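Structure file query_1.cif with mmCIF, C-alpha atoms:
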data_coords
#
loop_
_atom_site.label_atom_id
_atom_site.label_comp_id
_atom_site.auth_asym_id
_atom_site.auth_seq_id
_atom_site.Cartn_x
_atom_site.Cartn_y
_atom_site.Cartn_z
CA MET A 7 -93.06 -27.37 -8.85
CA ASP A 8 -94.29 -26.98 -12.44
CA VAL A 9 -92.59 -24.70 -14.93
CA LEU A 10 -95.22 -21.96 -14.79
CA ALA A 11 -95.08 -21.75 -11.01
CA PHE A 12 -91.29 -21.73 -11.19
CA LEU A 13 -91.34 -18.71 -13.52
CA VAL A 14 -94.15 -16.79 -11.84
CA GLU A 15 -93.25 -17.16 -8.16
CA PRO A 16 -90.32 -14.66 -8.11
CA LEU A 17 -92.39 -12.09 -10.01
CA GLN A 18 -94.87 -11.88 -7.13
CA TYR A 19 -92.37 -9.72 -5.28
CA GLY A 20 -92.13 -6.11 -6.37
CA PHE A 21 -88.47 -5.77 -5.47
CA LEU A 22 -87.57 -8.72 -7.69
CA THR A 23 -89.61 -7.38 -10.59
CA ARG A 24 -87.79 -4.06 -10.33
CA ALA A 25 -84.47 -5.90 -10.13
CA LEU A 26 -85.33 -7.80 -13.28
CA ALA A 27 -86.21 -4.60 -15.16
CA VAL A 28 -83.02 -2.82 -14.08
CA THR A 29 -80.78 -5.79 -14.84
CA VAL A 30 -82.21 -6.42 -18.30
CA ALA A 31 -82.00 -2.72 -19.20
CA ALA A 32 -78.38 -2.53 -18.06
CA ALA A 33 -77.55 -5.80 -19.82
CA VAL A 34 -78.92 -4.63 -23.18
CA VAL A 35 -77.01 -1.34 -23.16
CA ALA A 36 -73.79 -2.95 -21.93
CA ALA A 37 -74.05 -5.75 -24.51
CA VAL A 38 -74.40 -3.33 -27.42
CA LEU A 39 -71.53 -1.12 -26.25
CA SER A 40 -69.30 -4.12 -25.50
CA CYS A 41 -69.21 -5.06 -29.18
CA TRP A 42 -67.45 -1.78 -30.01
CA LEU A 43 -65.17 -2.04 -26.99
CA ILE A 44 -64.03 -5.50 -28.06
CA LEU A 45 -63.37 -4.51 -31.67
CA MET A 46 -61.49 -1.33 -30.70
CA GLY A 47 -59.47 -3.02 -27.96
CA TRP A 48 -60.91 -0.77 -25.27
CA SER A 49 -61.74 -3.43 -22.70
CA LEU A 50 -59.24 -1.98 -20.23
CA MET A 51 -60.86 1.44 -20.65
CA GLY A 52 -64.17 -0.05 -19.53
CA ASP A 53 -62.44 -1.42 -16.45
CA ALA A 54 -60.87 1.98 -15.77
CA VAL A 55 -64.10 3.96 -16.02
CA SER A 56 -66.04 1.51 -13.87
CA HIS A 57 -63.51 1.88 -11.04
CA ALA A 58 -62.93 5.60 -11.48
CA VAL A 59 -66.55 6.50 -10.68
CA LEU A 60 -66.23 5.42 -7.04
CA PRO A 61 -65.25 8.85 -5.66
CA GLY A 62 -68.10 10.44 -7.63
CA VAL A 63 -70.62 8.00 -6.17
CA ALA A 64 -69.26 8.54 -2.66
CA LEU A 65 -69.35 12.34 -2.94
CA ALA A 66 -72.87 12.23 -4.41
CA TYR A 67 -74.09 10.24 -1.40
CA ILE A 68 -72.46 12.72 0.98
CA ILE A 69 -73.81 15.81 -0.77
CA GLY A 70 -77.25 14.31 -1.22
CA ILE A 71 -77.52 14.39 -5.02
CA PRO A 72 -78.35 11.46 -7.33
CA PHE A 73 -75.32 9.19 -7.41
CA SER A 74 -75.61 8.91 -11.19
CA ILE A 75 -74.55 12.55 -11.51
CA GLY A 76 -71.39 12.03 -9.48
CA ALA A 77 -70.62 8.77 -11.27
CA PHE A 78 -70.96 10.31 -14.72
CA VAL A 79 -68.88 13.38 -13.83
CA PHE A 80 -66.01 11.29 -12.50
CA GLY A 81 -66.30 8.72 -15.28
CA ALA A 82 -66.09 11.40 -17.96
CA GLY A 83 -63.37 13.15 -15.97
CA ALA A 84 -61.32 9.96 -15.83
CA VAL A 85 -61.56 9.56 -19.60
CA ALA A 86 -60.46 13.18 -20.11
CA LEU A 87 -57.60 12.80 -17.65
CA ILE A 88 -56.37 9.65 -19.37
CA GLY A 89 -56.43 11.45 -22.70
CA ILE A 90 -54.50 14.44 -21.34
CA VAL A 91 -51.78 12.36 -19.70
CA ARG A 92 -51.52 10.10 -22.76
CA SER A 93 -51.08 13.04 -25.15
CA THR A 94 -48.52 14.87 -23.00
CA THR A 95 -46.24 11.94 -22.15
CA LYS A 96 -44.58 9.03 -23.90
CA LEU A 97 -46.33 6.50 -21.67
CA LYS A 98 -48.39 3.81 -23.33
CA ALA A 99 -52.16 3.87 -23.01
CA ASP A 100 -52.43 0.84 -20.71
CA THR A 101 -49.92 2.39 -18.30
CA VAL A 102 -51.80 5.69 -18.13
CA ILE A 103 -55.11 3.91 -17.67
CA GLY A 104 -53.69 1.85 -14.81
CA VAL A 105 -52.30 4.90 -13.02
CA VAL A 106 -55.47 7.00 -13.37
CA PHE A 107 -58.09 4.44 -12.47
CA THR A 108 -56.20 3.04 -9.47
CA ALA A 109 -55.62 6.57 -8.15
CA LEU A 110 -59.30 7.50 -8.48
CA PHE A 111 -60.44 4.18 -7.05
CA ALA A 112 -58.16 4.68 -4.05
CA ALA A 113 -59.51 8.21 -3.61
CA GLY A 114 -63.02 6.79 -3.56
CA LEU A 115 -62.09 4.22 -0.93
CA ALA A 116 -60.54 6.99 1.18
CA ILE A 117 -63.74 9.05 0.99
CA VAL A 118 -65.87 6.04 1.89
CA SER A 119 -63.64 5.12 4.84
CA ALA A 120 -63.88 8.68 6.15
CA THR A 121 -67.71 8.54 6.19
CA PRO A 122 -68.55 4.91 7.04
CA SER A 123 -71.89 5.74 8.62
CA GLN A 124 -73.27 7.32 5.45
CA ILE A 125 -72.09 4.98 2.71
CA ASP A 126 -72.44 1.23 2.33
CA LEU A 127 -69.30 0.29 0.42
CA MET A 128 -70.57 -3.21 -0.39
CA HIS A 129 -73.63 -1.80 -2.17
CA ILE A 130 -71.44 0.48 -4.26
CA LEU A 131 -68.90 -2.19 -5.15
CA PHE A 132 -71.25 -5.10 -5.76
CA GLY A 133 -74.59 -3.43 -6.41
CA ASN A 134 -77.90 -3.48 -4.59
CA VAL A 135 -80.31 -4.36 -7.33
CA LEU A 136 -82.82 -5.89 -4.92
CA GLY A 137 -83.08 -2.54 -3.14
CA VAL A 138 -83.82 -0.31 -6.14
CA SER A 139 -86.85 1.95 -5.94
CA ALA A 140 -89.32 2.82 -8.67
CA SER A 141 -87.46 6.09 -9.29
CA ASP A 142 -84.20 4.15 -9.67
CA VAL A 143 -85.85 1.95 -12.28
CA TRP A 144 -86.99 4.96 -14.28
CA GLN A 145 -83.54 6.52 -14.01
CA VAL A 146 -81.89 3.38 -15.39
CA LEU A 147 -84.48 3.01 -18.16
CA ILE A 148 -84.12 6.64 -19.28
CA LEU A 149 -80.32 6.65 -19.20
CA GLY A 150 -80.24 3.28 -20.92
CA ALA A 151 -82.65 4.42 -23.64
CA VAL A 152 -80.63 7.59 -24.30
CA THR A 153 -77.35 5.65 -24.49
CA LEU A 154 -78.81 2.96 -26.73
CA ALA A 155 -80.47 5.51 -29.05
CA ILE A 156 -77.18 7.38 -29.58
CA LEU A 157 -75.27 4.16 -30.19
CA LEU A 158 -77.75 2.98 -32.80
CA PHE A 159 -78.03 6.41 -34.42
CA LYS A 160 -74.23 6.65 -34.86
CA ARG A 161 -73.82 2.93 -35.50
CA ARG A 162 -72.38 3.21 -38.99
CA ASP A 163 -69.84 5.89 -38.09
CA LEU A 164 -68.76 4.08 -34.94
CA THR A 165 -68.46 0.79 -36.79
CA LEU A 166 -66.26 2.35 -39.47
CA LEU A 167 -64.16 3.90 -36.70
CA ALA A 168 -63.69 0.47 -35.15
CA PHE A 169 -62.71 -1.26 -38.40
CA ASP A 170 -60.64 1.44 -40.11
CA ARG A 171 -59.93 4.67 -38.25
CA THR A 172 -57.79 6.02 -41.10
CA HIS A 173 -60.50 5.50 -43.70
CA ALA A 174 -63.05 7.12 -41.39
CA HIS A 175 -60.81 10.19 -41.15
CA VAL A 176 -60.20 10.29 -44.92
CA ILE A 177 -63.91 10.34 -45.78
CA GLY A 178 -64.46 13.28 -43.45
CA LEU A 179 -65.58 11.75 -40.17
CA ASN A 180 -64.40 13.48 -37.00
CA THR A 181 -62.64 10.52 -35.42
CA ARG A 182 -61.73 12.43 -32.26
CA PHE A 183 -65.35 13.37 -31.70
CA LEU A 184 -66.51 9.81 -32.33
CA SER A 185 -63.94 8.45 -29.89
CA ALA A 186 -64.97 10.99 -27.27
CA LEU A 187 -68.64 10.17 -27.89
CA LEU A 188 -68.02 6.46 -27.42
CA LEU A 189 -66.11 7.09 -24.20
CA GLY A 190 -68.88 9.34 -22.92
CA LEU A 191 -71.42 6.63 -23.66
CA LEU A 192 -69.16 4.22 -21.83
CA ALA A 193 -69.40 6.44 -18.74
CA LEU A 194 -73.20 6.52 -19.07
CA THR A 195 -73.34 2.74 -19.44
CA VAL A 196 -71.28 2.32 -16.29
CA VAL A 197 -73.79 4.52 -14.47
CA VAL A 198 -76.63 2.35 -15.78
CA GLY A 199 -74.91 -0.86 -14.73
CA LEU A 200 -74.01 0.32 -11.23
CA GLN A 201 -77.50 -0.31 -9.90
CA ALA A 202 -77.50 -3.85 -11.20
CA VAL A 203 -74.07 -5.25 -10.40
CA GLY A 204 -71.99 -2.48 -8.83
CA ILE A 205 -68.63 -1.01 -9.71
CA ILE A 206 -66.60 -4.23 -9.56
CA LEU A 207 -68.84 -6.45 -11.65
CA VAL A 208 -70.06 -3.92 -14.23
CA VAL A 209 -66.84 -4.39 -16.16
CA ALA A 210 -67.86 -8.00 -16.82
CA MET A 211 -71.09 -6.77 -18.43
CA LEU A 212 -69.00 -4.47 -20.63
CA ILE A 213 -66.65 -7.20 -21.87
CA THR A 214 -68.21 -10.67 -21.72
CA PRO A 215 -71.19 -10.10 -24.10
CA GLY A 216 -69.05 -8.68 -26.88
CA ALA A 217 -66.39 -11.36 -26.43
CA THR A 218 -69.03 -14.09 -26.60
CA ALA A 219 -70.65 -12.63 -29.71
CA PHE A 220 -67.24 -12.21 -31.38
CA LEU A 221 -66.61 -15.95 -31.03
CA LEU A 222 -69.90 -16.68 -32.80
CA SER A 223 -69.83 -14.19 -35.67
CA ARG A 224 -67.53 -11.93 -37.67
CA SER A 225 -70.42 -9.81 -38.93
CA PHE A 226 -70.84 -6.77 -36.71
CA ASP A 227 -74.61 -6.55 -37.13
CA ARG A 228 -74.97 -10.18 -36.10
CA MET A 229 -72.59 -9.55 -33.21
CA LEU A 230 -74.94 -6.88 -31.85
CA VAL A 231 -77.96 -9.17 -32.03
CA ILE A 232 -76.16 -12.18 -30.56
CA ALA A 233 -74.68 -10.14 -27.72
CA VAL A 234 -78.07 -8.72 -26.71
CA VAL A 235 -79.97 -12.02 -26.94
CA LEU A 236 -77.41 -14.06 -25.01
CA THR A 237 -76.90 -11.36 -22.38
CA VAL A 238 -80.60 -10.88 -21.71
CA ALA A 239 -81.06 -14.65 -21.41
CA ALA A 240 -78.09 -14.93 -19.05
CA SER A 241 -79.26 -11.97 -16.97
CA VAL A 242 -82.76 -13.36 -16.51
CA THR A 243 -81.26 -16.75 -15.64
CA GLY A 244 -79.01 -15.06 -13.09
CA ILE A 245 -81.94 -13.29 -11.44
CA TYR A 246 -83.86 -16.55 -11.06
CA ALA A 247 -80.75 -18.37 -9.85
CA SER A 248 -80.16 -15.72 -7.18
CA TYR A 249 -83.74 -16.14 -5.98
CA TYR A 250 -83.83 -19.92 -5.79
CA LEU A 251 -80.21 -20.45 -4.68
CA ASP A 252 -80.17 -17.46 -2.30
CA ILE A 253 -76.95 -15.98 -3.67
CA SER A 254 -75.81 -12.49 -4.65
CA THR A 255 -77.87 -11.24 -7.58
CA GLY A 256 -75.06 -9.31 -9.27
CA ALA A 257 -72.68 -12.25 -8.94
CA ALA A 258 -75.31 -14.66 -10.31
CA VAL A 259 -75.88 -12.47 -13.38
CA VAL A 260 -72.16 -12.17 -14.14
CA LEU A 261 -71.57 -15.88 -13.56
CA SER A 262 -74.42 -16.72 -15.94
CA GLN A 263 -72.80 -14.58 -18.63
CA ALA A 264 -69.45 -16.23 -17.94
CA ILE A 265 -71.00 -19.70 -18.28
CA VAL A 266 -72.47 -18.73 -21.67
CA PHE A 267 -69.02 -17.53 -22.77
CA ALA A 268 -67.43 -20.78 -21.59
CA VAL A 269 -69.95 -22.90 -23.51
CA VAL A 270 -69.44 -20.88 -26.68
CA TYR A 271 -65.68 -21.02 -26.23
CA LEU A 272 -65.75 -24.80 -25.93
CA VAL A 273 -68.43 -25.95 -28.35
CA GLY A 274 -70.14 -22.91 -29.83
CA ARG A 275 -68.53 -23.13 -33.28
CA PRO A 276 -66.79 -25.75 -35.42
CA ASP A 277 -63.53 -24.12 -34.33
CA GLY A 278 -64.43 -24.37 -30.64
CA VAL A 279 -61.77 -25.81 -28.37
CA LEU A 280 -63.40 -29.23 -27.92
CA TRP A 281 -64.12 -29.55 -31.64
CA GLN A 282 -60.52 -28.72 -32.45
CA ALA A 283 -59.26 -31.25 -29.93
CA ARG A 284 -61.48 -33.90 -31.46
CA ARG A 285 -60.22 -33.17 -34.97
CA ARG A 286 -56.58 -33.29 -33.79
CA ARG A 287 -56.88 -36.82 -32.44
CA PRO A 288 -54.29 -39.24 -33.93
CA GLY A 289 -55.57 -41.04 -37.00
CA SER A 290 -58.22 -38.49 -37.79
CA SER A 291 -57.08 -37.67 -41.31
CA VAL A 292 -60.49 -36.43 -42.35
CA GLY A 293 -60.55 -34.16 -39.33
CA GLY A 294 -57.10 -32.85 -40.25
CA ARG A 295 -58.19 -32.05 -43.79
CA ARG A 296 -61.38 -30.42 -42.50
CA GLN A 297 -59.40 -28.35 -40.03
CA SER A 298 -57.12 -27.12 -42.82
CA ALA A 299 -60.10 -26.29 -45.00
CA ASP A 300 -61.79 -24.45 -42.14
CA ALA A 301 -58.63 -22.44 -41.52
CA VAL A 302 -58.39 -21.43 -45.19
CA ALA A 303 -62.08 -20.51 -45.28
CA ALA A 304 -61.83 -18.49 -42.09
CA ALA A 305 -58.82 -16.60 -43.42
CA ALA A 306 -60.74 -15.74 -46.58
CA VAL A 307 -64.05 -14.87 -44.92
CA ALA A 308 -62.89 -12.78 -41.95
CA PRO A 309 -61.29 -9.95 -43.96
CA ARG A 310 -64.24 -9.93 -46.33
CA CYS A 311 -66.69 -9.62 -43.44
CA SER A 312 -64.67 -6.79 -41.97
CA ALA A 313 -64.48 -5.03 -45.29
CA ASP A 314 -68.21 -5.49 -45.91
CA ASP A 315 -69.06 -4.06 -42.51
CA ALA A 316 -66.72 -1.12 -43.04
CA ALA A 317 -68.07 -0.44 -46.50
CA THR A 318 -71.64 -0.61 -45.22
CA SER A 319 -70.77 1.76 -42.42
CA GLY A 320 -69.17 4.28 -44.73
CA ALA A 321 -72.04 4.17 -47.21
#
Translate the structure described by the file into structure tokens.
Amino acid sequence: MDVLAFLVEPLQYGFLTRALAVTVAAAVVAAVLSCWLILMGWSLMGDAVSHAVLPGVALAYIIGIPFSIGAFVFGAGAVALIGIVRSTTKLKADTVIGVVFTALFAAGLAIVSATPSQIDLMHILFGNVLGVSASDVWQVLILGAVTLAILLFKRRDLTLLAFDRTHAHVIGLNTRFLSALLLGLLALTVVVGLQAVGIILVVAMLITPGATAFLLSRSFDRMLVIAVVLTVAASVTGIYASYYLDISTGAAVVLSQAIVFAVVYLVGRPDGVLWQARRRRPGSSVGGRRQSADAVAAAAVAPRCSADDAATSGA
């Protein structure tokens, strides 16, 4: 099979073309948002919201309304509930998040188990991207476009919030509003990603792209570009792999992103794990001196990059 036939054959099927459109749209939005989640240390919050939407999706199916409405309501509700419990107790954030999202996830499982004939739990948990309709595609594209537009419009304020919350507050930014906005966009992104990879795997799309980009760059603007490019490439690769290998599409997309992260982690930069191991070999005096020089340079550059990004954001 030649390369052209290899690329064109899957696109002859309408369901696979729609799956490709939905997956790429979800991947772009999740990749952009993941950069902020990584910098702010909110990865666990992404996990919480993705699981907390299950009862909303189940109730939406039962009532007969678009599942995105139920998912967004419960996602935003979970964020609000976490904030309330966190502010009225002495519990740490990770503890509150764990209690809230497991409780809501269990409630969703209970609802699904009570109505097994109406709801396919596997499609909710792991996605059903090959079964999306044209209306589902438009829904994902519209929600994704709205989320992405808001993120880019508030990019400077959100970036300053991520790097220096105190400075953002001092110069007059409403940090509480920005935090709430970012969490609301997180709920919307989860809704977008549900069609592609489901509740369980959407958290990977919210963490892996930003983590991969962070290993490759300390400039936030470059992080955004790297995260999007690598995630789109991995998502398209996952779609094709699912077609030719006959495996789960959502799992193939997430595994492709994980493989990209692993490659970057090992050899993506001069300070990658394999490069470090090579420089630490006995007798490698040049490597030792280079490693020390790299460490000094990294220590000098990283704060400057952070400061530059923060200054640019506040300008």
Name the residues that the PyMOL selection byres ((chain A and resi 201-206) around 6) picks from the file above, as a ChimeraX atom specification, using the file's chain letters and numbers.
/A:29,56,130-133,135,199-200,207-208,256
With all atoms listed in the file counted and 10 Å as the cut-off, give the residues of region 157-268 of chain A in contact with region 21-26 of chain A, each with its shortest interatomic distance in Å and the pair that gives it, as JSON lines.
{"residue": "A:Gln201", "atom": "CA", "partner": "A:Ala25", "partner_atom": "CA", "distance": 8.9}
{"residue": "A:Ala202", "atom": "CA", "partner": "A:Ala25", "partner_atom": "CA", "distance": 7.3}
{"residue": "A:Ser241", "atom": "CA", "partner": "A:Leu26", "partner_atom": "CA", "distance": 8.2}
{"residue": "A:Val242", "atom": "CA", "partner": "A:Leu26", "partner_atom": "CA", "distance": 6.9}
{"residue": "A:Gly244", "atom": "CA", "partner": "A:Leu26", "partner_atom": "CA", "distance": 9.6}
{"residue": "A:Ile245", "atom": "CA", "partner": "A:Leu26", "partner_atom": "CA", "distance": 6.7}
{"residue": "A:Tyr246", "atom": "CA", "partner": "A:Leu26", "partner_atom": "CA", "distance": 9.1}
{"residue": "A:Tyr249", "atom": "CA", "partner": "A:Leu22", "partner_atom": "CA", "distance": 8.5}
{"residue": "A:Thr255", "atom": "CA", "partner": "A:Ala25", "partner_atom": "CA", "distance": 8.9}
Between CA of Ile75 (chain A) and CA of Met128 (chain A), what distance in Å does the model show, to one decimal?
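According to the coordinates, CA of Ile75 (chain A) and CA of Met128 (chain A) are separated by 19.7 Å.
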Any chance you could resolve the PyMOL selection byres ((chain A and resi 114-120) around 9) against this file and give the residues as a count of residues only?
21
Calculate how many Å separate CA of Trp42 (chain A) from CA of Asp163 (chain A), rounding to one decimal.
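One can read the CA of Trp42 (chain A) to CA of Asp163 (chain A) distance as 11.4 Å.
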Would you list the contacts of Gly178 (chain A) as number ranges by chain, taking every protein, DNA or RNA residue within 12 Å and counting all atoms listed in the file, but skipping same-chain residues closer than 5 positions in sequence?
A: 163, 166-167, 171-173, 183-184, 320
Quick one: residues within 9 Å of Val231 (chain A), only C-alpha atoms, excluding same-chain residues fewer than 5 positions away - as JSON, numbers by chain?
{"A": [38, 219, 226, 236]}
Take the residues just selected and output them with C-alpha atoms as a short mmCIF file (atom, residue, chain, number, x, y, z; two decimals), in the coordinates of the input.
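The result, stored in again-v9.cif:
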data_model
loop_
_atom_site.label_atom_id
_atom_site.label_comp_id
_atom_site.auth_asym_id
_atom_site.auth_seq_id
_atom_site.Cartn_x
_atom_site.Cartn_y
_atom_site.Cartn_z
CA VAL A 38 -74.40 -3.33 -27.42
CA ALA A 219 -70.65 -12.63 -29.71
CA PHE A 226 -70.84 -6.77 -36.71
CA LEU A 236 -77.41 -14.06 -25.01
#
Could you tell me how far CA of Val85 (chain A) sits from CA of Asp100 (chain A), in Å to one decimal place?
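For CA of Asp100 (chain A) relative to CA of Val85 (chain A), the distance reads 12.7 Å.
The closest residue to Ala140 (chain A), picked from A:Ala54, A:Val9, A:Ala27, A:Ile156 and counting all atoms listed in the file, is A:Ala27.
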Incomplete region 216-238 of chain A brought to N, CA, C and O atoms, written out as a JSON list (two decimals), in the coordinates of the input:
[["chain", "number", "residue", "atom", "x", "y", "z"],
["A", 216, "GLY", "N", -69.72, -8.89, -25.60],
["A", 216, "GLY", "CA", -69.05, -8.68, -26.88],
["A", 216, "GLY", "C", -68.07, -9.78, -27.21],
["A", 216, "GLY", "O", -67.95, -10.21, -28.37],
["A", 217, "ALA", "N", -67.34, -10.27, -26.20],
["A", 217, "ALA", "CA", -66.39, -11.36, -26.43],
["A", 217, "ALA", "C", -67.12, -12.63, -26.86],
["A", 217, "ALA", "O", -66.65, -13.34, -27.76],
["A", 218, "THR", "N", -68.25, -12.91, -26.24],
["A", 218, "THR", "CA", -69.03, -14.09, -26.60],
["A", 218, "THR", "C", -69.54, -13.99, -28.03],
["A", 218, "THR", "O", -69.44, -14.93, -28.82],
["A", 219, "ALA", "N", -70.11, -12.83, -28.37],
["A", 219, "ALA", "CA", -70.65, -12.63, -29.71],
["A", 219, "ALA", "C", -69.54, -12.69, -30.77],
["A", 219, "ALA", "O", -69.76, -13.19, -31.88],
["A", 220, "PHE", "N", -68.36, -12.19, -30.43],
["A", 220, "PHE", "CA", -67.24, -12.21, -31.38],
["A", 220, "PHE", "C", -66.83, -13.64, -31.72],
["A", 220, "PHE", "O", -66.42, -13.92, -32.85],
["A", 221, "LEU", "N", -66.95, -14.55, -30.76],
["A", 221, "LEU", "CA", -66.61, -15.95, -31.03],
["A", 221, "LEU", "C", -67.62, -16.61, -31.96],
["A", 221, "LEU", "O", -67.30, -17.61, -32.62],
["A", 222, "LEU", "N", -68.82, -16.06, -32.02],
["A", 222, "LEU", "CA", -69.90, -16.68, -32.80],
["A", 222, "LEU", "C", -70.08, -16.07, -34.18],
["A", 222, "LEU", "O", -70.69, -16.69, -35.05],
["A", 223, "SER", "N", -69.60, -14.84, -34.38],
["A", 223, "SER", "CA", -69.83, -14.19, -35.67],
["A", 223, "SER", "C", -68.75, -13.17, -35.96],
["A", 223, "SER", "O", -68.22, -12.54, -35.04],
["A", 224, "ARG", "N", -68.45, -12.98, -37.25],
["A", 224, "ARG", "CA", -67.53, -11.93, -37.67],
["A", 224, "ARG", "C", -68.28, -10.78, -38.35],
["A", 224, "ARG", "O", -67.67, -9.82, -38.79],
["A", 225, "SER", "N", -69.60, -10.90, -38.42],
["A", 225, "SER", "CA", -70.42, -9.81, -38.93],
["A", 225, "SER", "C", -70.84, -8.94, -37.76],
["A", 225, "SER", "O", -71.41, -9.44, -36.78],
["A", 226, "PHE", "N", -70.59, -7.63, -37.86],
["A", 226, "PHE", "CA", -70.84, -6.77, -36.71],
["A", 226, "PHE", "C", -72.33, -6.69, -36.38],
["A", 226, "PHE", "O", -72.71, -6.67, -35.21],
["A", 227, "ASP", "N", -73.17, -6.62, -37.39],
["A", 227, "ASP", "CA", -74.61, -6.55, -37.13],
["A", 227, "ASP", "C", -75.09, -7.79, -36.38],
["A", 227, "ASP", "O", -75.89, -7.70, -35.45],
["A", 228, "ARG", "N", -74.59, -8.95, -36.81],
["A", 228, "ARG", "CA", -74.97, -10.18, -36.10],
["A", 228, "ARG", "C", -74.37, -10.21, -34.70],
["A", 228, "ARG", "O", -74.99, -10.74, -33.78],
["A", 229, "MET", "N", -73.19, -9.64, -34.55],
["A", 229, "MET", "CA", -72.59, -9.55, -33.21],
["A", 229, "MET", "C", -73.50, -8.80, -32.24],
["A", 229, "MET", "O", -73.70, -9.22, -31.10],
["A", 230, "LEU", "N", -74.05, -7.68, -32.70],
["A", 230, "LEU", "CA", -74.94, -6.88, -31.85],
["A", 230, "LEU", "C", -76.16, -7.70, -31.40],
["A", 230, "LEU", "O", -76.52, -7.70, -30.22],
["A", 231, "VAL", "N", -76.76, -8.38, -32.35],
["A", 231, "VAL", "CA", -77.96, -9.17, -32.03],
["A", 231, "VAL", "C", -77.62, -10.31, -31.08],
["A", 231, "VAL", "O", -78.31, -10.55, -30.08],
["A", 232, "ILE", "N", -76.55, -11.04, -31.39],
["A", 232, "ILE", "CA", -76.16, -12.18, -30.56],
["A", 232, "ILE", "C", -75.82, -11.73, -29.15],
["A", 232, "ILE", "O", -76.22, -12.35, -28.16],
["A", 233, "ALA", "N", -75.08, -10.63, -29.04],
["A", 233, "ALA", "CA", -74.68, -10.14, -27.72],
["A", 233, "ALA", "C", -75.90, -9.80, -26.87],
["A", 233, "ALA", "O", -75.97, -10.15, -25.69],
["A", 234, "VAL", "N", -76.87, -9.12, -27.46],
["A", 234, "VAL", "CA", -78.07, -8.72, -26.71],
["A", 234, "VAL", "C", -78.88, -9.94, -26.29],
["A", 234, "VAL", "O", -79.29, -10.08, -25.13],
["A", 235, "VAL", "N", -79.13, -10.85, -27.24],
["A", 235, "VAL", "CA", -79.97, -12.02, -26.94],
["A", 235, "VAL", "C", -79.34, -12.88, -25.85],
["A", 235, "VAL", "O", -80.01, -13.26, -24.87],
["A", 236, "LEU", "N", -78.06, -13.20, -25.99],
["A", 236, "LEU", "CA", -77.41, -14.06, -25.01],
["A", 236, "LEU", "C", -77.30, -13.38, -23.65],
["A", 236, "LEU", "O", -77.47, -14.02, -22.60],
["A", 237, "THR", "N", -77.05, -12.07, -23.65],
["A", 237, "THR", "CA", -76.90, -11.36, -22.38],
["A", 237, "THR", "C", -78.22, -11.24, -21.64],
["A", 237, "THR", "O", -78.27, -11.39, -20.41],
["A", 238, "VAL", "N", -79.28, -10.95, -22.35],
["A", 238, "VAL", "CA", -80.60, -10.88, -21.71],
["A", 238, "VAL", "C", -80.97, -12.24, -21.12],
["A", 238, "VAL", "O", -81.45, -12.34, -19.99]]
